[in-house]
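Here is input.cif, consisting of mmCIF, C-alpha atoms:
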data_model
loop_
_atom_site.label_atom_id
_atom_site.label_comp_id
_atom_site.auth_asym_id
_atom_site.auth_seq_id
_atom_site.Cartn_x
_atom_site.Cartn_y
_atom_site.Cartn_z
CA MET A 1 88.82 120.84 111.77
CA ILE A 2 91.62 123.19 110.66
CA GLY A 3 94.47 123.83 113.08
CA ILE A 4 97.08 126.61 113.06
CA SER A 5 100.30 125.66 114.86
CA TYR A 6 102.81 128.24 116.02
CA PHE A 7 105.37 129.24 118.62
CA LYS A 8 104.75 132.31 120.76
CA LYS A 9 106.80 134.69 118.59
CA ASN A 10 104.46 134.02 115.63
CA LYS A 11 101.15 134.09 117.51
CA GLU A 12 100.12 137.35 115.80
CA LEU A 13 100.60 135.75 112.37
CA ALA A 14 98.64 132.68 113.46
CA GLU A 15 95.76 134.93 114.57
CA ARG A 16 95.91 136.67 111.20
CA ILE A 17 95.41 133.33 109.44
CA LEU A 18 92.66 132.41 111.89
CA LYS A 19 90.67 135.50 110.86
CA SER A 20 90.95 134.51 107.20
CA LEU A 21 89.39 131.08 107.86
CA GLU A 22 86.79 131.87 110.54
CA GLU A 23 84.72 128.76 111.40
CA ASP A 24 85.93 125.32 112.52
CA THR A 25 89.50 126.53 113.08
CA MET A 26 91.64 126.44 116.22
CA LEU A 27 94.99 127.83 117.30
CA ILE A 28 97.61 125.33 118.50
CA ASP A 29 100.35 126.66 120.73
CA LEU A 30 103.12 124.08 120.20
CA ASP A 31 104.28 124.59 123.78
CA ALA A 32 100.83 123.59 125.07
CA TYR A 33 99.44 121.06 122.58
CA GLU A 34 96.88 118.72 124.14
CA GLY A 35 96.53 116.03 121.47
CA THR A 36 93.53 117.19 119.42
CA PHE A 37 93.30 115.55 115.97
CA ILE A 38 93.46 118.05 113.10
CA ASP A 39 92.29 117.40 109.52
CA GLU A 40 94.26 120.23 107.90
CA LEU A 41 97.17 121.74 109.80
CA ILE A 42 98.76 125.10 108.98
CA SER A 43 102.24 125.51 110.44
CA VAL A 44 103.14 129.19 110.84
CA GLY A 45 106.79 130.16 111.21
CA GLY A 46 109.67 128.43 109.45
CA ASP A 47 111.12 124.97 108.98
CA GLY A 48 111.70 124.59 112.73
CA THR A 49 108.01 125.16 113.44
CA PHE A 50 107.07 122.83 110.58
CA ALA A 51 109.33 120.05 111.89
CA LYS A 52 107.94 120.41 115.41
CA SER A 53 104.37 120.35 114.08
CA VAL A 54 104.95 117.13 112.13
CA SER A 55 106.54 115.38 115.09
CA LEU A 56 104.07 116.59 117.73
CA VAL A 57 100.60 117.21 116.27
CA SER A 58 98.19 114.48 115.13
CA PHE A 59 96.95 115.55 111.69
CA ASP A 60 95.85 114.25 108.31
CA LYS A 61 97.69 116.78 106.11
CA ILE A 62 99.81 119.89 106.59
CA ILE A 63 100.92 123.10 104.88
CA GLY A 64 103.76 125.36 105.98
CA VAL A 65 103.40 129.15 105.91
CA ARG A 66 106.58 131.05 106.70
CA SER A 67 106.92 134.41 108.36
CA MET A 68 108.68 137.09 106.34
CA ASN A 69 111.97 136.61 108.20
CA SER A 70 111.96 132.81 107.85
CA VAL A 71 113.06 130.55 105.02
CA GLY A 72 112.70 126.85 104.43
CA ALA A 73 111.99 124.08 101.94
CA HIS A 74 108.93 122.91 103.88
CA CYS A 75 106.99 126.19 103.81
CA TYR A 76 104.76 126.53 100.75
CA CYS A 77 104.28 130.30 100.89
CA ASN A 78 105.04 133.37 102.99
CA ILE A 79 102.47 135.05 105.18
CA ASN A 80 101.83 137.86 102.66
CA GLU A 81 100.82 135.29 100.04
CA TRP A 82 98.38 133.51 102.33
CA SER A 83 95.32 135.51 101.27
CA ASN A 84 95.65 133.93 97.81
CA HIS A 85 95.16 130.47 99.30
CA ALA A 86 92.72 130.85 102.19
CA GLU A 87 89.58 130.35 100.09
CA LYS A 88 91.15 127.39 98.28
CA LEU A 89 91.85 125.69 101.60
CA LYS A 90 88.29 126.28 102.85
CA ASN A 91 86.89 124.85 99.59
CA ASN A 92 89.29 121.88 99.51
CA GLU A 93 90.76 123.15 96.23
CA TYR A 94 94.25 121.74 96.65
CA LYS A 95 96.48 118.80 95.84
CA VAL A 96 98.00 116.39 98.34
CA SER A 97 101.38 114.68 98.06
CA GLU A 98 103.43 112.48 100.38
CA ARG A 99 106.77 113.16 102.00
CA ASN A 100 109.05 111.00 104.11
CA LYS A 101 109.70 111.43 107.79
CA ILE A 102 112.05 109.50 110.04
CA LYS A 103 110.84 107.94 113.27
CA ALA A 104 113.34 107.32 116.05
CA GLU A 105 113.07 105.13 119.13
CA LEU A 106 115.66 105.17 121.90
CA ASN A 107 115.83 101.95 123.92
CA ASN A 108 112.43 100.81 122.58
CA GLU A 109 110.65 104.06 123.48
CA PHE A 110 109.41 106.56 120.88
CA THR A 111 111.72 109.56 120.87
CA ASP A 112 110.88 111.91 117.99
CA CYS A 113 110.21 112.25 114.25
CA ALA A 114 112.40 114.09 111.78
CA VAL A 115 111.39 115.69 108.50
CA ASN A 116 115.04 116.45 107.69
CA GLU A 117 117.66 114.33 109.39
CA ILE A 118 118.87 112.37 112.38
CA ILE A 119 122.55 112.68 113.29
CA ILE A 120 124.34 110.40 115.71
CA SER A 121 127.81 111.74 116.40
CA ALA A 122 130.80 111.77 118.67
CA PRO A 123 130.19 114.07 121.66
CA ARG A 124 133.12 116.32 120.70
CA TRP A 125 133.97 117.92 117.36
CA GLY A 126 136.67 115.89 115.64
CA GLY A 127 136.17 112.89 117.89
CA THR A 128 135.03 109.38 116.99
CA PHE A 129 132.79 106.78 118.56
CA LYS A 130 132.20 103.07 118.00
CA TYR A 131 128.81 101.63 117.14
CA GLU A 132 127.16 98.59 115.59
CA LEU A 133 125.04 99.31 112.54
CA ILE A 134 122.29 97.00 111.25
CA ILE A 135 120.31 97.96 108.12
CA ASN A 136 117.19 95.88 107.32
CA ASN A 137 118.34 92.88 109.34
CA GLU A 138 121.53 92.57 107.32
CA LYS A 139 124.75 91.40 108.94
CA PRO A 140 125.77 93.79 111.74
CA ILE A 141 128.60 96.17 110.91
CA LEU A 142 130.91 97.19 113.75
CA THR A 143 132.34 100.53 112.78
CA SER A 144 133.58 103.84 114.10
CA GLY A 145 133.52 107.37 112.84
CA SER A 146 132.65 110.93 113.69
CA ALA A 147 128.97 110.71 112.71
CA LEU A 148 126.14 108.71 111.17
CA PHE A 149 123.55 110.67 109.16
CA ILE A 150 120.07 109.39 108.27
CA TYR A 151 118.12 111.90 106.24
CA THR A 152 115.11 112.40 103.97
CA GLU A 153 114.94 113.91 100.49
CA TYR A 154 114.29 117.29 102.14
CA GLY A 155 117.05 116.98 104.69
CA TYR A 156 120.74 116.76 103.93
CA SER A 157 120.16 115.27 100.48
CA GLY A 158 120.06 118.55 98.60
CA PHE A 159 123.60 119.25 99.78
CA LEU A 160 125.12 115.88 100.56
CA LYS A 161 123.85 113.94 97.55
CA LYS A 162 125.57 116.37 95.19
CA LEU A 163 128.66 116.37 97.39
CA LEU A 164 128.88 112.58 97.53
CA HIS A 165 127.72 111.66 94.03
CA ASN A 166 128.47 114.79 92.03
CA ASP A 167 125.42 114.25 89.82
CA ASN A 168 121.81 115.33 89.46
CA ALA A 169 120.26 111.89 89.95
CA LYS A 170 116.76 111.87 91.36
CA PHE A 171 116.40 110.80 94.98
CA LYS A 172 115.08 107.22 94.60
CA GLY A 173 114.88 105.82 98.10
CA ASP A 174 112.90 106.77 101.19
CA GLY A 175 116.07 107.85 102.95
CA ILE A 176 119.84 108.00 102.76
CA ALA A 177 122.39 106.76 105.29
CA SER A 178 125.86 108.32 105.32
CA ILE A 179 128.74 107.23 107.53
CA ALA A 180 131.24 110.00 108.26
CA SER A 181 134.81 109.71 109.47
CA ASN A 182 137.25 112.44 110.43
CA TYR A 183 138.39 112.52 106.81
CA GLY A 184 135.05 112.72 105.01
CA PHE A 185 132.18 110.43 104.11
CA SER A 186 133.32 106.83 103.79
CA ASP A 187 130.00 105.28 102.74
CA CYS A 188 126.61 106.37 101.47
CA ARG A 189 123.59 104.30 100.49
CA GLU A 190 119.96 104.94 99.69
CA LEU A 191 117.45 103.21 101.93
CA PRO A 192 114.41 101.43 100.42
CA GLU A 193 110.78 101.92 101.38
CA GLY A 194 110.03 100.52 104.80
CA TYR A 195 113.66 100.53 105.95
CA GLU A 196 114.81 99.81 109.48
CA VAL A 197 118.15 100.98 110.83
CA LYS A 198 119.43 99.92 114.25
CA VAL A 199 122.38 101.62 115.89
CA LYS A 200 123.91 100.05 119.00
CA ILE A 201 126.17 102.53 120.77
CA LYS A 202 129.54 101.29 122.07
CA ASP A 203 131.02 104.62 123.27
CA ASP A 204 129.64 107.89 124.52
CA ALA A 205 127.82 109.67 121.70
CA PHE A 206 125.21 112.31 120.93
CA ILE A 207 121.96 112.36 118.92
CA SER A 208 120.22 115.33 117.33
CA ILE A 209 116.95 115.29 115.39
CA ASP A 210 116.10 118.09 112.96
CA GLY A 211 118.86 120.31 114.28
CA ARG A 212 118.23 121.33 117.85
CA LYS A 213 114.59 120.21 118.01
CA TYR A 214 115.71 117.12 119.92
CA GLU A 215 119.15 116.59 121.47
CA LYS A 216 120.38 113.95 123.90
CA GLU A 217 123.62 112.43 125.13
CA LEU A 218 123.95 108.69 124.47
CA ASN A 219 125.71 106.10 126.59
CA PRO A 220 127.29 102.73 125.79
CA ASP A 221 124.61 100.03 125.28
CA ASP A 222 121.99 102.57 124.18
CA GLU A 223 120.14 101.39 121.06
CA ILE A 224 118.43 103.61 118.48
CA ARG A 225 115.87 102.19 116.05
CA ILE A 226 115.17 104.35 113.00
CA THR A 227 112.30 103.66 110.59
CA ASN A 228 110.59 105.40 107.70
CA GLY A 229 107.18 107.04 107.95
CA LYS A 230 105.01 109.20 105.70
CA TYR A 231 102.99 112.37 106.04
CA LYS A 232 100.77 114.32 103.65
CA ILE A 233 101.47 117.86 102.53
CA ILE A 234 99.07 120.32 100.87
CA ASN A 235 99.96 122.01 97.57
CA PHE A 236 97.94 124.63 95.68
#

File written out as structure tokens:
Amino acid sequence: MIGISYFKKNKELAERILKSLEEDTMLIDLDAYEGTFIDELISVGGDGTFAKSVSLVSFDKIIGVRSMNSVGAHCYCNINEWSNHAEKLKNNEYKVSERNKIKAELNNEFTDCAVNEIIISAPRWGGTFKYELIINNEKPILTSGSALFIYTEYGYSGFLKKLLHNDNAKFKGDGIASIASNYGFSDCRELPEGYEVKVKIKDDAFISIDGRKYEKELNPDDEIRITNGKYKIINF
């Protein structure tokens, strides 16, 4: 089964792709997804649609197709290039690679997945909050700052890794954790495969996942558990 995921504003583009594939294909309105498993998922829109598709839809592998007014590192081609790939998809003439995603649980309940980043921050710009940080069952670190960033190789790394390290080193880990203060980034470390990060909130705070895809105010004693996951992406 091939699925085509979209938000309402890109429904016309999704229908255009549907016509190019014909049989055994279904449209998936991301505002009304009902849990159907999809073998090959086509996300139509931009990186926001792609991120929502990865976190919401149950699929084996995915490809992002962007609309002409969208940009993003996750979208393989724009809609006007799609006709070059439709037959290849139907004939399984493609390559598959893995990417990292970040799974978040708030107070032991699944919250959301990120393909880019999770940010836990003070509720006001320029403010700070206290929290306890535990990485892979190491000794807890009681710290404070303006924000904690956890991100994948396709999230903040393209910008922040160069900013923090000033080099072109290849992204080696499955994630990066950066602790920010009001005066810049005070610590940065790559996270190994299968990492687990626990954040125990001591003051009021705020969490956002992949930008505004998921946002929530946090209270003292809230606990966030962050782990690494994988998903498959299609390349032609």

- Task: Find the residues with any atom within 6 Å of (89.5, 124.1, 113.8); use only C-alpha atoms and the coordinates as given in the file, and write the answer as a list of chain:residue names.
- Result: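 These residues have at least one counted atom within 6 Å: A:Met1, A:Ile2, A:Gly3, A:Asp24, A:Thr25, A:Met26.
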
- Message: Evaluate the PyMOL selection byres ((chain A and resi 100) around 7) against this structure - the residues, as number ranges by chain, please.
- Response: A: 98-99, 101-102, 115, 152, 174, 228-231

- Query: Counting only C-alpha atoms, which of A:Ser53, A:Thr143, A:Asn107, A:Ser178 gets nearest to A:Tyr131?
  - Reply: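 Comparing A:Ser53, A:Thr143, A:Asn107, A:Ser178 against A:Tyr131, the winner is A:Thr143.
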
- Skip stretch 55-59 of chain A itself and residues of its chain fewer than 4 positions away, then list as a ChimeraX atom specification all residues within 8 Å of it, counting all atoms listed in the file. /A:30,33,35-41,51,112-114

- Item | For A:Gly194, the nearest of the candidates A:Ala122, A:Ala147, A:Ile135, A:Ala14, counting all atoms listed in the file | A:Ile135

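Atom to atom, atom CA of A:Ile28 and atom CA of A:Lys213 stand 17.7 Å apart.
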